[in-house]
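Below is one structure; the comments refer to it alone.
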Amino acid sequence: MSVGPVNINYEVLLSSFRSNVGITSDEVNEAFREIISGLRKMANHNKGSIILLPGSGTTAMEGLTNILKKGNRVLLATNGVFGDRWEEILNKYPIEIKTIRSEPGDNVSEEEILSNLESKKFDAIILTHVETSTGVKSKIEVLRKAKDLGVITVLDSVSGFGGEELDIEKNKIDYVVTASQKALGAPPGIGIAFISQESLSIVERGEGVNGYFIDFKKWLPVMSKLEEGKGSYFATPPVHVILALAKAIELCLKEGMSRRIERHQTVAKAIRSGLESLGLKIVAKRGFEANTVTAVYLEGVSPIDFLNIAKQEGVEFASSVHPKIANRSFRIGHMGWVTKNFAILALSVIERTLRRLGKDIEMGRGVRSAQEVFI
Ligand SMILES: Cc1ncc(COP(=O)(O)O)c(C=O)c1O
């Protein structure tokens, strides 16, 4: 129950359990076609393009430089480490950035974002859907309001898409990034970028500040061909990941997005309920909790000892990566193929681990509380 890569469903795993396949073979072409058409349905993204980049979420983040022009001014609203990453990326390019930050567990407010944008000093706004370092979910509706103010809207949904609601057209988002290894439940290896029709004109005119590998002018014709089920090539895709991702998306569509999101929500709610009944404090403030990641404070216990013993007890959780809370918290990933039983297993291991570390907790209390959520 780490925060990605996550546990993989066996059907997804087995779909890639084979020898190498040709990059323009019928199987790979068909897998690409299924992925692109499935992603369009899952995210309600019908008009613009989708680019599947060999790499990861960060590769797709850097792809934003295709729709930013030299000297553009970007407003970055960050709730933690992954929001901050945009600053590091864009600082490599001739882009100006203003960053507004929240404390761990908090969310940059809609008012602060909009009042900055109303100054008309910005060309783009960037938001993180689920900040994986704190388990905080943003209210993405603010992007629709931002779009009405005339700026390019950008969302990092690396830890959101597949487990949180995301309607790209309704929220008027120009650029969304995600990755194969999180709530989509496939292996790592593919960064995914959704680009709006409007922003494509910037790419087509070659006005972006991007480098070579992520040059969307090179990727767009390849993606158009692949969407038609025809082979095309710019750089070698990780074929096994493509086969697995196609299966993962097939299963997502079979489950249905609303049921998939509801499953994530229920599991997350049960985990939080169990943790709180054990006296543990959730990092995300009430109302900001994500469906996919929960960061939890630990008191009087070393996170390193906690994670090591939990692993001995059979569950791998994730360490904290937020510098302000790293020495007193850990994270639970609950995305992809998680079920109610994952929540029960996680809580029972947390109970045993805390007991082994000398904490006076009532065994079974967290599990019981989660069970009540399920009934
Ligand atoms: C919210 C968020 N954004 C971006 C990234 C970077 O993605 P990747 O590690 O796939 O490059 C991550 C990774 O955990 C993330 O959680």
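By convention in this document, the chains of the structure tokens carry letters A, B, ... by their order, each chain's residues are numbered from 1, and ligands are numbered from 1 in the order they are shown.
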
### Message
What residues of the protein or nucleic acid chains come within 6 Å of ligand 1 when you use only C-alpha atoms and all ligand atoms? Reply as a list in words.
### Response
Ser56, Gly57, Thr58, Phe82, Val130, Glu131, Thr132, Asp156, Val158, Ser159 and Ala179 of chain A

How would the residues just chosen look if you wrote them out with N, CA and C atoms as a PDB file, in the first residue's frame?
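The resulting file, again-v6.pdb, is reproduced below:
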```
ATOM      1  N   SER A  56       7.490   8.980 -17.232  1.00  0.00           N
ATOM      2  CA  SER A  56       6.638   8.926 -16.040  1.00  0.00           C
ATOM      3  C   SER A  56       5.839  10.217 -15.935  1.00  0.00           C
ATOM      4  N   GLY A  57       5.241  10.413 -14.795  1.00  0.00           N
ATOM      5  CA  GLY A  57       4.459  11.624 -14.578  1.00  0.00           C
ATOM      6  C   GLY A  57       5.296  12.878 -14.801  1.00  0.00           C
ATOM      7  N   THR A  58       6.550  12.826 -14.371  1.00  0.00           N
ATOM      8  CA  THR A  58       7.425  14.000 -14.502  1.00  0.00           C
ATOM      9  C   THR A  58       7.672  14.348 -15.970  1.00  0.00           C
ATOM     10  N   PHE A  82       5.129  17.726  -4.562  1.00  0.00           N
ATOM     11  CA  PHE A  82       4.928  17.513  -5.998  1.00  0.00           C
ATOM     12  C   PHE A  82       4.468  18.780  -6.689  1.00  0.00           C
ATOM     13  N   VAL A 130      -4.239  15.735  -6.477  1.00  0.00           N
ATOM     14  CA  VAL A 130      -3.952  15.144  -5.159  1.00  0.00           C
ATOM     15  C   VAL A 130      -2.468  15.326  -4.886  1.00  0.00           C
ATOM     16  N   GLU A 131      -2.164  16.062  -3.829  1.00  0.00           N
ATOM     17  CA  GLU A 131      -0.758  16.283  -3.451  1.00  0.00           C
ATOM     18  C   GLU A 131      -0.312  15.037  -2.670  1.00  0.00           C
ATOM     19  N   THR A 132       0.507  14.222  -3.310  1.00  0.00           N
ATOM     20  CA  THR A 132       0.865  12.912  -2.748  1.00  0.00           C
ATOM     21  C   THR A 132       1.702  13.028  -1.474  1.00  0.00           C
ATOM     22  N   ASP A 156      -2.062  18.686 -12.359  1.00  0.00           N
ATOM     23  CA  ASP A 156      -1.312  17.446 -12.154  1.00  0.00           C
ATOM     24  C   ASP A 156      -2.258  16.466 -11.477  1.00  0.00           C
ATOM     25  N   VAL A 158      -1.557  13.130 -11.379  1.00  0.00           N
ATOM     26  CA  VAL A 158      -0.767  11.889 -11.335  1.00  0.00           C
ATOM     27  C   VAL A 158      -1.316  10.963 -10.246  1.00  0.00           C
ATOM     28  N   SER A 159      -1.643  11.537  -9.091  1.00  0.00           N
ATOM     29  CA  SER A 159      -2.165  10.701  -7.999  1.00  0.00           C
ATOM     30  C   SER A 159      -3.683  10.788  -7.879  1.00  0.00           C
ATOM     31  N   ALA A 179      -0.108   9.384 -14.887  1.00  0.00           N
ATOM     32  CA  ALA A 179       0.901   8.357 -15.170  1.00  0.00           C
ATOM     33  C   ALA A 179       0.277   6.975 -15.013  1.00  0.00           C
TER      34      ALA A 179
END
```

### Task
May I have the residues within 10 Å of Ile325 (chain A) as a list in words, using only C-alpha atoms and disregarding those fewer than 6 positions away in the same chain?
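Contacts, with the query itself left out: Pro104, Ser133, Thr134, Val283, Ala295, Val296, Tyr297 and Leu298 of chain A.
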
The selected residues should be written to file as a PDB file, in the first residue's frame (atoms: C-alpha atoms).
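Output below, filename selection_12.pdb:
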```pdb
ATOM      1  CA  PRO A 104       1.145  20.607   5.057  1.00  0.00           C
ATOM      2  CA  SER A 133       3.157  14.296  -0.036  1.00  0.00           C
ATOM      3  CA  THR A 134       0.221  15.288   2.194  1.00  0.00           C
ATOM      4  CA  VAL A 283      -2.439  15.246   7.857  1.00  0.00           C
ATOM      5  CA  ALA A 295      -0.756  10.914   5.145  1.00  0.00           C
ATOM      6  CA  VAL A 296      -0.826  10.187   8.882  1.00  0.00           C
ATOM      7  CA  TYR A 297       1.007  11.718  11.858  1.00  0.00           C
ATOM      8  CA  LEU A 298       2.856   9.387  14.231  1.00  0.00           C
TER       9      LEU A 298
END
```

### Task
Using only C-alpha atoms, find the one residue out of A:Ile375, A:Val239, A:Ala326, A:Val367 that sits nearest to Gly274 (chain A).
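Nearest to Gly274 (chain A): A:Val367.
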
#### Entry: Close residues, region 141-149 of chain A itself excluded, 7 Å, only C-alpha atoms, min 4 positions apart in chain, as a ChimeraX atom specification
/A:110,114,153,171-173

### Task
For His264 (chain A), list every protein, DNA or RNA residue within 12 Å, evaluated using only C-alpha atoms, and leave out those in the same chain fewer than 6 positions away; present the list as a ChimeraX atom specification.
/A:160-165,183-184,257-258,270-271,289-294,333-340,342-343

Restrict the selected residues to N, CA and C atoms and save them as a short mmCIF file (atom, residue, chain, number, x, y, z; two decimals), in the first residue's frame.
```cif
data_model
loop_
_atom_site.label_atom_id
_atom_site.label_comp_id
_atom_site.auth_asym_id
_atom_site.auth_seq_id
_atom_site.Cartn_x
_atom_site.Cartn_y
_atom_site.Cartn_z
N GLY A 160 -4.33 11.37 -8.87
CA GLY A 160 -5.78 11.52 -8.78
C GLY A 160 -6.52 10.68 -9.81
N PHE A 161 -6.14 10.83 -11.07
CA PHE A 161 -6.90 10.24 -12.16
C PHE A 161 -7.03 8.72 -12.02
N GLY A 162 -8.26 8.25 -12.06
CA GLY A 162 -8.53 6.82 -11.87
C GLY A 162 -9.13 6.56 -10.50
N GLY A 163 -8.95 7.52 -9.56
CA GLY A 163 -9.50 7.34 -8.21
C GLY A 163 -10.28 8.55 -7.75
N GLU A 164 -10.12 9.66 -8.46
CA GLU A 164 -10.84 10.89 -8.15
C GLU A 164 -11.60 11.31 -9.40
N GLU A 165 -12.68 12.03 -9.18
CA GLU A 165 -13.45 12.51 -10.33
C GLU A 165 -12.64 13.50 -11.15
N ALA A 183 -3.37 5.44 -9.81
CA ALA A 183 -4.74 4.94 -9.70
C ALA A 183 -5.22 4.22 -10.96
N LEU A 184 -4.46 4.31 -12.04
CA LEU A 184 -4.82 3.51 -13.22
C LEU A 184 -4.40 2.06 -13.03
N MET A 257 -16.45 4.50 -14.29
CA MET A 257 -15.71 5.48 -13.50
C MET A 257 -16.41 5.85 -12.21
N SER A 258 -17.74 5.96 -12.24
CA SER A 258 -18.39 6.39 -10.99
C SER A 258 -18.25 5.30 -9.92
N ALA A 270 -12.92 4.44 5.14
CA ALA A 270 -12.76 3.39 6.16
C ALA A 270 -11.37 3.46 6.78
N ILE A 271 -10.36 3.70 5.96
CA ILE A 271 -8.99 3.79 6.49
C ILE A 271 -8.89 4.98 7.44
N GLU A 289 -9.45 15.74 2.27
CA GLU A 289 -8.86 14.40 2.20
C GLU A 289 -9.05 13.77 0.82
N ALA A 290 -7.99 13.13 0.33
CA ALA A 290 -8.04 12.49 -0.98
C ALA A 290 -8.58 11.07 -0.89
N ASN A 291 -9.07 10.57 -2.03
CA ASN A 291 -9.52 9.17 -2.11
C ASN A 291 -8.37 8.20 -2.27
N THR A 292 -7.20 8.73 -2.66
CA THR A 292 -6.14 7.84 -3.13
C THR A 292 -4.93 7.72 -2.18
N VAL A 293 -4.69 8.77 -1.39
CA VAL A 293 -3.52 8.79 -0.50
C VAL A 293 -3.92 9.37 0.85
N THR A 294 -3.45 8.75 1.94
CA THR A 294 -3.65 9.34 3.26
C THR A 294 -2.30 9.48 3.94
N GLY A 333 -0.98 4.46 0.60
CA GLY A 333 -1.55 4.56 -0.74
C GLY A 333 -2.74 3.63 -0.81
N HIS A 334 -3.86 4.14 -1.32
CA HIS A 334 -5.02 3.25 -1.50
C HIS A 334 -5.64 3.57 -2.84
N MET A 335 -4.93 3.15 -3.88
CA MET A 335 -5.43 3.45 -5.23
C MET A 335 -5.17 2.29 -6.18
N GLY A 336 -5.92 2.32 -7.27
CA GLY A 336 -5.78 1.27 -8.29
C GLY A 336 -6.82 0.20 -8.07
N TRP A 337 -6.35 -0.92 -7.53
CA TRP A 337 -7.25 -2.08 -7.42
C TRP A 337 -7.61 -2.36 -5.97
N VAL A 338 -7.50 -1.37 -5.10
CA VAL A 338 -7.78 -1.58 -3.67
C VAL A 338 -9.24 -2.00 -3.43
N THR A 339 -9.40 -2.86 -2.44
CA THR A 339 -10.75 -3.30 -2.05
C THR A 339 -10.93 -3.01 -0.55
N LYS A 340 -12.12 -3.27 -0.07
CA LYS A 340 -12.39 -3.11 1.37
C LYS A 340 -11.39 -3.92 2.19
N PHE A 342 -8.35 -4.54 1.64
CA PHE A 342 -7.05 -3.86 1.77
C PHE A 342 -7.07 -2.96 3.00
N ALA A 343 -8.20 -2.30 3.20
CA ALA A 343 -8.32 -1.37 4.34
C ALA A 343 -8.20 -2.15 5.65
#
```

### Task
Run DSSP on the backbone of this structure and report the residues of region 24-173 of chain A it assigns to helix (DSSP H, G or I), as number ranges by chain.
A: 26-43, 57-66, 81-90, 110-118, 142-148

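Interatomic distance, CA of Val12 (chain A) to CA of Leu220 (chain A): 26.9 Å.
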
#### Entry: Members of region 39-255 of chain A assigned strand (DSSP E) by DSSP, as a PyMOL selection string
chain A and resi 49-54+73-78+96-101+124-128+130-131+136-137+152-156+175-179+190-195

Please, could you write that set of residues out with C-alpha atoms as a PDB file, in the first residue's frame?
```
ATOM      1  CA  SER A  49      -5.168  15.349 -27.968  1.00  0.00           C
ATOM      2  CA  ILE A  50      -3.658  12.745 -25.692  1.00  0.00           C
ATOM      3  CA  ILE A  51       0.047  12.019 -25.686  1.00  0.00           C
ATOM      4  CA  LEU A  52       1.525   8.862 -24.169  1.00  0.00           C
ATOM      5  CA  LEU A  53       5.144   9.536 -23.331  1.00  0.00           C
ATOM      6  CA  PRO A  54       7.715   6.878 -22.465  1.00  0.00           C
ATOM      7  CA  ARG A  73       4.098  34.148 -16.363  1.00  0.00           C
ATOM      8  CA  VAL A  74       2.789  31.165 -14.424  1.00  0.00           C
ATOM      9  CA  LEU A  75       0.919  31.139 -11.121  1.00  0.00           C
ATOM     10  CA  LEU A  76       1.727  27.943  -9.215  1.00  0.00           C
ATOM     11  CA  ALA A  77      -0.540  26.921  -6.331  1.00  0.00           C
ATOM     12  CA  THR A  78       1.278  24.203  -4.410  1.00  0.00           C
ATOM     13  CA  GLU A  96       8.451  33.381 -14.852  1.00  0.00           C
ATOM     14  CA  ILE A  97       6.809  31.751 -11.859  1.00  0.00           C
ATOM     15  CA  LYS A  98       4.973  33.065  -8.849  1.00  0.00           C
ATOM     16  CA  THR A  99       4.373  30.390  -6.214  1.00  0.00           C
ATOM     17  CA  ILE A 100       1.634  30.433  -3.606  1.00  0.00           C
ATOM     18  CA  ARG A 101       2.012  27.724  -0.943  1.00  0.00           C
ATOM     19  CA  ALA A 124      -1.244  30.110 -16.769  1.00  0.00           C
ATOM     20  CA  ILE A 125      -2.292  28.560 -13.458  1.00  0.00           C
ATOM     21  CA  ILE A 126      -1.028  25.195 -12.184  1.00  0.00           C
ATOM     22  CA  LEU A 127      -2.768  23.057  -9.568  1.00  0.00           C
ATOM     23  CA  THR A 128      -2.135  19.573  -8.152  1.00  0.00           C
ATOM     24  CA  VAL A 130      -3.952  15.144  -5.159  1.00  0.00           C
ATOM     25  CA  GLU A 131      -0.758  16.283  -3.451  1.00  0.00           C
ATOM     26  CA  VAL A 136      -4.593  16.792   0.181  1.00  0.00           C
ATOM     27  CA  LYS A 137      -7.113  17.069  -2.643  1.00  0.00           C
ATOM     28  CA  ILE A 152      -4.064  28.414 -19.516  1.00  0.00           C
ATOM     29  CA  THR A 153      -5.262  25.922 -16.899  1.00  0.00           C
ATOM     30  CA  VAL A 154      -3.025  23.054 -15.795  1.00  0.00           C
ATOM     31  CA  LEU A 155      -3.677  20.107 -13.488  1.00  0.00           C
ATOM     32  CA  ASP A 156      -1.312  17.446 -12.154  1.00  0.00           C
ATOM     33  CA  TYR A 175      -3.301  20.515 -19.774  1.00  0.00           C
ATOM     34  CA  VAL A 176      -3.644  17.485 -17.496  1.00  0.00           C
ATOM     35  CA  VAL A 177      -0.900  15.061 -16.576  1.00  0.00           C
ATOM     36  CA  THR A 178      -1.103  11.593 -15.115  1.00  0.00           C
ATOM     37  CA  ALA A 179       0.901   8.357 -15.170  1.00  0.00           C
ATOM     38  CA  ILE A 190       4.152   5.936 -19.302  1.00  0.00           C
ATOM     39  CA  GLY A 191       3.438   9.604 -18.630  1.00  0.00           C
ATOM     40  CA  ILE A 192       0.106  10.786 -19.991  1.00  0.00           C
ATOM     41  CA  ALA A 193      -0.689  14.328 -21.162  1.00  0.00           C
ATOM     42  CA  PHE A 194      -4.170  15.556 -22.117  1.00  0.00           C
ATOM     43  CA  ILE A 195      -4.036  18.795 -24.149  1.00  0.00           C
TER      44      ILE A 195
END
```

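Picture a line from CA of Leu226 (chain A) to CA of Leu253 (chain A); it runs 19.7 Å.
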
### Query
Near Pro94 (chain A), within 10 Å and counting only C-alpha atoms, which residues show up once chain neighbours fewer than 2 positions away are dropped, as a PyMOL selection string?
chain A and resi 65+68-73+90-92+96-97+209

Can those selected residues be exported to a file as a compact mmCIF listing (two decimals), in the first residue's frame so that it contains C-alpha atoms?
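Saved the output as out14.txt:
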```txt
# COMPACT_ATOMS: atom_id res chain seq x y z
CA THR A 65 6.62 23.57 -21.85
CA LEU A 68 4.22 27.90 -22.62
CA LYS A 69 5.89 30.67 -24.59
CA LYS A 70 9.11 32.48 -23.72
CA GLY A 71 8.46 35.00 -20.94
CA ASN A 72 5.04 33.57 -19.99
CA ARG A 73 4.10 34.15 -16.36
CA LEU A 90 9.95 25.49 -15.15
CA ASN A 91 13.03 27.18 -13.69
CA LYS A 92 14.98 25.33 -16.40
CA GLU A 96 8.45 33.38 -14.85
CA ILE A 97 6.81 31.75 -11.86
CA VAL A 209 9.87 26.46 -24.99
```

Would you list the contacts of Ser232 (chain A) as an mmCIF file with C-alpha atoms, in the first residue's frame, taking every protein, DNA or RNA residue within 10 Å and counting only C-alpha atoms, but skipping same-chain residues closer than 5 positions in sequence?
```cif
data_model
loop_
_atom_site.group_PDB
_atom_site.id
_atom_site.type_symbol
_atom_site.label_atom_id
_atom_site.label_comp_id
_atom_site.auth_asym_id
_atom_site.auth_seq_id
_atom_site.Cartn_x
_atom_site.Cartn_y
_atom_site.Cartn_z
ATOM 1 C CA ILE A 23 6.416 -1.406 -31.754
ATOM 2 C CA THR A 24 4.134 -1.215 -34.780
ATOM 3 C CA SER A 25 2.699 -4.733 -34.469
ATOM 4 C CA ASN A 29 -1.337 -0.678 -32.339
ATOM 5 C CA TRP A 219 4.488 13.215 -30.867
ATOM 6 C CA PRO A 221 1.224 12.895 -35.622
ATOM 7 C CA VAL A 222 2.321 9.632 -33.976
ATOM 8 C CA MET A 223 -0.578 9.797 -31.525
ATOM 9 C CA SER A 224 -3.102 10.570 -34.293
ATOM 10 C CA LYS A 225 -1.995 7.493 -36.217
ATOM 11 C CA LEU A 226 -2.069 5.328 -33.103
#
```

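For the choices A:Glu198, A:Glu103, A:Asp167, A:Glu250, the atom-to-atom distance to Lys324 (chain A) is smallest for A:Glu103 when using only C-alpha atoms.
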
So that I can see what lies close to Ile168 (chain A), please list as a PDB file with C-alpha atoms, in the first residue's frame the residues with an atom at most 6 Å from it, counting only C-alpha atoms and leaving out residues fewer than 5 positions away in the same chain.
```pdb
ATOM      1  CA  ALA A  43     -11.661  11.900 -18.427  1.00  0.00           C
ATOM      2  CA  ASN A  44     -14.313  13.370 -20.761  1.00  0.00           C
ATOM      3  CA  HIS A  45     -11.687  14.689 -23.120  1.00  0.00           C
ATOM      4  CA  ILE A 173      -8.596  22.292 -18.257  1.00  0.00           C
TER       5      ILE A 173
END
```
